$ cat work.cif   # mmCIF, N, CA and C atoms
data_final
loop_
_atom_site.label_atom_id
_atom_site.label_comp_id
_atom_site.auth_asym_id
_atom_site.auth_seq_id
_atom_site.Cartn_x
_atom_site.Cartn_y
_atom_site.Cartn_z
N MET A 1 54.02 252.90 69.57
CA MET A 1 55.16 253.79 69.69
C MET A 1 55.47 254.35 68.29
N ASN A 2 55.58 255.65 68.21
CA ASN A 2 55.88 256.32 66.95
C ASN A 2 57.38 256.60 66.88
N LEU A 3 58.05 256.01 65.90
CA LEU A 3 59.48 256.21 65.73
C LEU A 3 59.74 257.04 64.48
N ILE A 4 60.73 257.90 64.53
CA ILE A 4 61.06 258.82 63.46
C ILE A 4 62.27 258.31 62.69
N THR A 5 62.16 258.28 61.36
CA THR A 5 63.24 257.82 60.49
C THR A 5 63.97 259.02 59.90
N GLN A 6 65.06 258.74 59.20
CA GLN A 6 65.77 259.80 58.50
C GLN A 6 64.88 260.42 57.42
N ALA A 7 64.07 259.61 56.77
CA ALA A 7 63.14 260.13 55.76
C ALA A 7 62.13 261.09 56.40
N ASP A 8 61.66 260.76 57.61
CA ASP A 8 60.74 261.65 58.32
C ASP A 8 61.42 262.98 58.64
N ILE A 9 62.66 262.91 59.06
CA ILE A 9 63.42 264.13 59.38
C ILE A 9 63.59 264.97 58.12
N ALA A 10 63.89 264.33 57.01
CA ALA A 10 64.04 265.06 55.74
C ALA A 10 62.75 265.78 55.38
N ARG A 11 61.62 265.09 55.50
CA ARG A 11 60.33 265.73 55.19
C ARG A 11 60.05 266.89 56.13
N ALA A 12 60.34 266.70 57.41
CA ALA A 12 60.03 267.73 58.41
C ALA A 12 60.90 268.97 58.27
N THR A 13 62.09 268.79 57.71
CA THR A 13 63.02 269.92 57.60
C THR A 13 63.14 270.45 56.17
N GLY A 14 62.54 269.77 55.20
CA GLY A 14 62.63 270.19 53.82
C GLY A 14 63.98 269.90 53.19
N ARG A 15 64.74 269.03 53.80
CA ARG A 15 66.07 268.67 53.27
C ARG A 15 65.98 267.35 52.51
N GLU A 16 66.98 267.11 51.69
CA GLU A 16 67.07 265.83 50.99
C GLU A 16 67.44 264.75 52.01
N ARG A 17 66.94 263.55 51.78
CA ARG A 17 67.25 262.44 52.69
C ARG A 17 68.76 262.20 52.76
N SER A 18 69.44 262.35 51.63
CA SER A 18 70.89 262.13 51.62
C SER A 18 71.61 263.15 52.51
N ASN A 19 71.09 264.36 52.58
CA ASN A 19 71.69 265.37 53.46
C ASN A 19 71.50 265.01 54.93
N VAL A 20 70.32 264.49 55.25
CA VAL A 20 70.06 264.05 56.63
C VAL A 20 70.97 262.89 56.98
N ARG A 21 71.11 261.94 56.06
CA ARG A 21 71.98 260.78 56.28
C ARG A 21 73.42 261.23 56.51
N ASP A 22 73.88 262.17 55.70
CA ASP A 22 75.25 262.69 55.86
C ASP A 22 75.42 263.38 57.21
N SER A 23 74.42 264.15 57.61
CA SER A 23 74.48 264.82 58.92
C SER A 23 74.54 263.80 60.05
N TYR A 24 73.77 262.71 59.90
CA TYR A 24 73.79 261.65 60.91
C TYR A 24 75.18 261.02 60.98
N ARG A 25 75.74 260.72 59.83
CA ARG A 25 77.07 260.09 59.79
C ARG A 25 78.15 260.99 60.37
N ARG A 26 77.98 262.30 60.25
CA ARG A 26 78.95 263.25 60.81
C ARG A 26 78.68 263.55 62.29
N GLY A 27 77.65 262.91 62.85
CA GLY A 27 77.37 263.08 64.27
C GLY A 27 76.62 264.35 64.62
N LEU A 28 75.91 264.93 63.65
CA LEU A 28 75.20 266.19 63.89
C LEU A 28 73.78 265.99 64.40
N LEU A 29 73.26 264.78 64.31
CA LEU A 29 71.93 264.48 64.84
C LEU A 29 72.08 263.87 66.22
N PRO A 30 71.02 263.96 67.03
CA PRO A 30 71.08 263.31 68.35
C PRO A 30 71.30 261.80 68.19
N LYS A 31 71.85 261.21 69.21
CA LYS A 31 72.03 259.76 69.21
C LYS A 31 70.66 259.09 69.07
N PRO A 32 70.53 258.12 68.16
CA PRO A 32 69.22 257.46 67.98
C PRO A 32 68.82 256.67 69.22
N ASP A 33 67.52 256.59 69.43
CA ASP A 33 67.00 255.82 70.56
C ASP A 33 67.05 254.32 70.27
N PHE A 34 66.95 253.99 68.99
CA PHE A 34 66.98 252.59 68.55
C PHE A 34 67.73 252.51 67.24
N THR A 35 68.30 251.34 66.98
CA THR A 35 68.94 251.08 65.69
C THR A 35 68.52 249.69 65.23
N ILE A 36 68.12 249.60 63.98
CA ILE A 36 67.72 248.32 63.40
C ILE A 36 68.86 247.82 62.51
N ASN A 37 69.21 246.57 62.67
CA ASN A 37 70.26 245.94 61.85
C ASN A 37 71.57 246.73 61.89
N ASP A 38 71.85 247.39 62.96
CA ASP A 38 73.09 248.16 63.14
C ASP A 38 73.28 249.26 62.11
N SER A 39 72.25 249.60 61.33
CA SER A 39 72.45 250.63 60.31
C SER A 39 71.28 251.58 60.12
N THR A 40 70.13 251.28 60.68
CA THR A 40 68.95 252.13 60.50
C THR A 40 68.61 252.81 61.82
N PRO A 41 68.95 254.09 61.95
CA PRO A 41 68.66 254.79 63.20
C PRO A 41 67.20 255.20 63.29
N LEU A 42 66.65 255.14 64.49
CA LEU A 42 65.27 255.55 64.75
C LEU A 42 65.25 256.39 66.02
N TRP A 43 64.44 257.43 66.01
CA TRP A 43 64.34 258.34 67.15
C TRP A 43 62.92 258.40 67.67
N LEU A 44 62.81 258.59 68.97
CA LEU A 44 61.53 258.94 69.55
C LEU A 44 61.26 260.40 69.21
N PRO A 45 60.00 260.77 69.05
CA PRO A 45 59.69 262.16 68.70
C PRO A 45 60.33 263.18 69.65
N GLU A 46 60.31 262.89 70.93
CA GLU A 46 60.84 263.86 71.90
C GLU A 46 62.36 264.00 71.81
N THR A 47 63.03 263.00 71.27
CA THR A 47 64.48 263.06 71.10
C THR A 47 64.86 263.93 69.90
N ILE A 48 64.14 263.78 68.80
CA ILE A 48 64.53 264.45 67.56
C ILE A 48 63.84 265.80 67.36
N LYS A 49 62.76 266.06 68.08
CA LYS A 49 62.01 267.30 67.90
C LYS A 49 62.88 268.56 68.04
N PRO A 50 63.73 268.66 69.06
CA PRO A 50 64.57 269.87 69.17
C PRO A 50 65.49 270.05 67.96
N TYR A 51 66.01 268.98 67.41
CA TYR A 51 66.87 269.07 66.23
C TYR A 51 66.06 269.59 65.04
N ILE A 52 64.87 269.05 64.83
CA ILE A 52 64.02 269.48 63.72
C ILE A 52 63.66 270.95 63.87
N GLU A 53 63.31 271.36 65.08
CA GLU A 53 62.96 272.77 65.31
C GLU A 53 64.15 273.69 65.01
N LYS A 54 65.32 273.28 65.43
CA LYS A 54 66.54 274.07 65.18
C LYS A 54 66.80 274.18 63.68
N GLU A 55 66.67 273.08 62.96
CA GLU A 55 66.88 273.08 61.51
C GLU A 55 65.88 273.99 60.79
N ASN A 56 64.65 274.01 61.28
CA ASN A 56 63.62 274.82 60.64
C ASN A 56 63.79 276.31 60.93
N GLU A 57 64.60 276.66 61.91
CA GLU A 57 64.87 278.07 62.20
C GLU A 57 65.89 278.66 61.24
N LYS A 58 66.64 277.81 60.56
CA LYS A 58 67.71 278.28 59.67
C LYS A 58 67.12 278.92 58.42
#

$ encode --input "work.cif" --output "C-alpha coordinates"
Amino acid sequence: MNLITQADIARATGRERSNVRDSYRRGLLPKPDFTINDSTPLWLPETIKPYIEKENEK
(Lines of atoms letter the chains of each structure in order from A and count residues from 1; the text may use other names and numbers.)
(Lines give C-alpha, C1' and ligand atoms only; values in the text may rest on other atoms or scores of the structure.)
Protein backbone atom coordinates (compact mmCIF):
# COMPACT_ATOMS: atom_id res chain seq x y z
CA MET A 1 0.00 0.00 0.00
CA ASN A 2 1.41 3.37 -1.03
CA LEU A 3 0.66 6.13 1.48
CA ILE A 4 1.23 9.84 0.84
CA THR A 5 2.85 12.08 3.46
CA GLN A 6 2.84 15.85 3.84
CA ALA A 7 6.39 15.85 2.43
CA ASP A 8 5.10 13.99 -0.65
CA ILE A 9 2.35 16.57 -1.08
CA ALA A 10 4.90 19.38 -0.79
CA ARG A 11 7.07 17.81 -3.50
CA ALA A 12 4.09 17.18 -5.78
CA THR A 13 2.81 20.74 -5.47
CA GLY A 14 6.12 22.61 -5.27
CA ARG A 15 5.20 24.07 -1.89
CA GLU A 16 7.22 24.13 1.30
CA ARG A 17 6.43 21.33 3.71
CA SER A 18 5.58 23.90 6.39
CA ASN A 19 2.94 25.41 4.07
CA VAL A 20 1.37 21.99 3.54
CA ARG A 21 1.41 21.36 7.30
CA ASP A 22 -0.27 24.72 7.92
CA SER A 23 -2.92 23.97 5.29
CA TYR A 24 -3.57 20.61 6.96
CA ARG A 25 -3.93 22.24 10.37
CA ARG A 26 -6.39 24.77 8.93
CA GLY A 27 -8.48 21.93 7.50
CA LEU A 28 -7.74 22.68 3.84
CA LEU A 29 -6.55 19.16 2.97
CA PRO A 30 -8.83 16.14 2.75
CA LYS A 31 -9.27 14.12 5.91
CA PRO A 32 -6.35 11.66 6.15
CA ASP A 33 -7.06 7.99 5.61
CA PHE A 34 -4.67 7.06 8.41
CA THR A 35 -2.92 8.82 11.27
CA ILE A 36 0.21 7.58 13.03
CA ASN A 37 0.75 8.49 16.69
CA ASP A 38 -2.21 10.89 16.51
CA SER A 39 -0.04 13.45 14.71
CA THR A 40 1.21 12.13 11.35
CA PRO A 41 -1.48 12.16 8.67
CA LEU A 42 -1.26 9.76 5.73
CA TRP A 43 -3.41 9.64 2.61
CA LEU A 44 -4.15 7.06 0.00
CA PRO A 45 -3.21 8.32 -3.46
CA GLU A 46 -6.83 8.40 -4.60
CA THR A 47 -7.80 10.55 -1.61
CA ILE A 48 -5.15 13.24 -2.04
CA LYS A 49 -4.79 13.25 -5.84
CA PRO A 50 -7.68 15.71 -6.45
CA TYR A 51 -6.18 18.13 -3.92
CA ILE A 52 -2.74 17.94 -5.56
CA GLU A 53 -4.25 18.46 -9.01
CA LYS A 54 -6.20 21.50 -7.79
CA GLU A 55 -3.07 22.99 -6.19
CA ASN A 56 -1.09 22.50 -9.38
CA GLU A 57 -3.73 24.42 -11.37
CA LYS A 58 -3.05 27.58 -9.36

$ resolve_selection --input "work.cif" --expression "the PyMOL selection byres ((chain A and resi 37-50) around 6)" --output "ChimeraX atom specification"
/A:2-6,32-36,51-55

$ write_last_selection --input "work.cif" --atoms "N, CA and C atoms" --output "JSON list (two decimals), keeping the file's coordinate frame"
[["chain", "number", "residue", "atom", "x", "y", "z"],
["A", 2, "ASN", "N", 55.58, 255.65, 68.21],
["A", 2, "ASN", "CA", 55.88, 256.32, 66.95],
["A", 2, "ASN", "C", 57.38, 256.60, 66.88],
["A", 3, "LEU", "N", 58.05, 256.01, 65.90],
["A", 3, "LEU", "CA", 59.48, 256.21, 65.73],
["A", 3, "LEU", "C", 59.74, 257.04, 64.48],
["A", 4, "ILE", "N", 60.73, 257.90, 64.53],
["A", 4, "ILE", "CA", 61.06, 258.82, 63.46],
["A", 4, "ILE", "C", 62.27, 258.31, 62.69],
["A", 5, "THR", "N", 62.16, 258.28, 61.36],
["A", 5, "THR", "CA", 63.24, 257.82, 60.49],
["A", 5, "THR", "C", 63.97, 259.02, 59.90],
["A", 6, "GLN", "N", 65.06, 258.74, 59.20],
["A", 6, "GLN", "CA", 65.77, 259.80, 58.50],
["A", 6, "GLN", "C", 64.88, 260.42, 57.42],
["A", 32, "PRO", "N", 70.53, 258.12, 68.16],
["A", 32, "PRO", "CA", 69.22, 257.46, 67.98],
["A", 32, "PRO", "C", 68.82, 256.67, 69.22],
["A", 33, "ASP", "N", 67.52, 256.59, 69.43],
["A", 33, "ASP", "CA", 67.00, 255.82, 70.56],
["A", 33, "ASP", "C", 67.05, 254.32, 70.27],
["A", 34, "PHE", "N", 66.95, 253.99, 68.99],
["A", 34, "PHE", "CA", 66.98, 252.59, 68.55],
["A", 34, "PHE", "C", 67.73, 252.51, 67.24],
["A", 35, "THR", "N", 68.30, 251.34, 66.98],
["A", 35, "THR", "CA", 68.94, 251.08, 65.69],
["A", 35, "THR", "C", 68.52, 249.69, 65.23],
["A", 36, "ILE", "N", 68.12, 249.60, 63.98],
["A", 36, "ILE", "CA", 67.72, 248.32, 63.40],
["A", 36, "ILE", "C", 68.86, 247.82, 62.51],
["A", 51, "TYR", "N", 66.01, 268.98, 67.41],
["A", 51, "TYR", "CA", 66.87, 269.07, 66.23],
["A", 51, "TYR", "C", 66.06, 269.59, 65.04],
["A", 52, "ILE", "N", 64.87, 269.05, 64.83],
["A", 52, "ILE", "CA", 64.02, 269.48, 63.72],
["A", 52, "ILE", "C", 63.66, 270.95, 63.87],
["A", 53, "GLU", "N", 63.31, 271.36, 65.08],
["A", 53, "GLU", "CA", 62.96, 272.77, 65.31],
["A", 53, "GLU", "C", 64.15, 273.69, 65.01],
["A", 54, "LYS", "N", 65.32, 273.28, 65.43],
["A", 54, "LYS", "CA", 66.54, 274.07, 65.18],
["A", 54, "LYS", "C", 66.80, 274.18, 63.68],
["A", 55, "GLU", "N", 66.67, 273.08, 62.96],
["A", 55, "GLU", "CA", 66.88, 273.08, 61.51],
["A", 55, "GLU", "C", 65.88, 273.99, 60.79]]

$ residues_around --input "work.cif" --residues "Arg15 (chain A)" --least-positions-apart "6" --cutoff "10 Å" --atoms "only C-alpha atoms" --output "list in words"
Ala7, Ile9, Glu55 and Asn56 of chain A

$ atom_distance --input "work.cif" --atom1 "CA of Gly14 (chain A)" --atom2 "CA of Leu28 (chain A)"
16.6 Å

$ select_by_dssp --input "work.cif" --residues "chain A" --states "alpha helix (DSSP H)" --output "VMD selection string"
chain A and resid 6 to 13 17 to 25 45 to 57

$ select_by_dssp --input "work.cif" --residues "chain A" --states "strand (DSSP E)" --output "list in words"
Phe34, Thr35, Ile36, Thr40, Pro41 and Leu42 of chain A

$ atom_distance --input "work.cif" --atom1 "atom N of Tyr24 (chain A)" --atom2 "CA of Met1 (chain A)"
22.8 Å

$ atom_distance --input "work.cif" --atom1 "CA of Ser18 (chain A)" --atom2 "atom C of Glu57 (chain A)"
19.8 Å
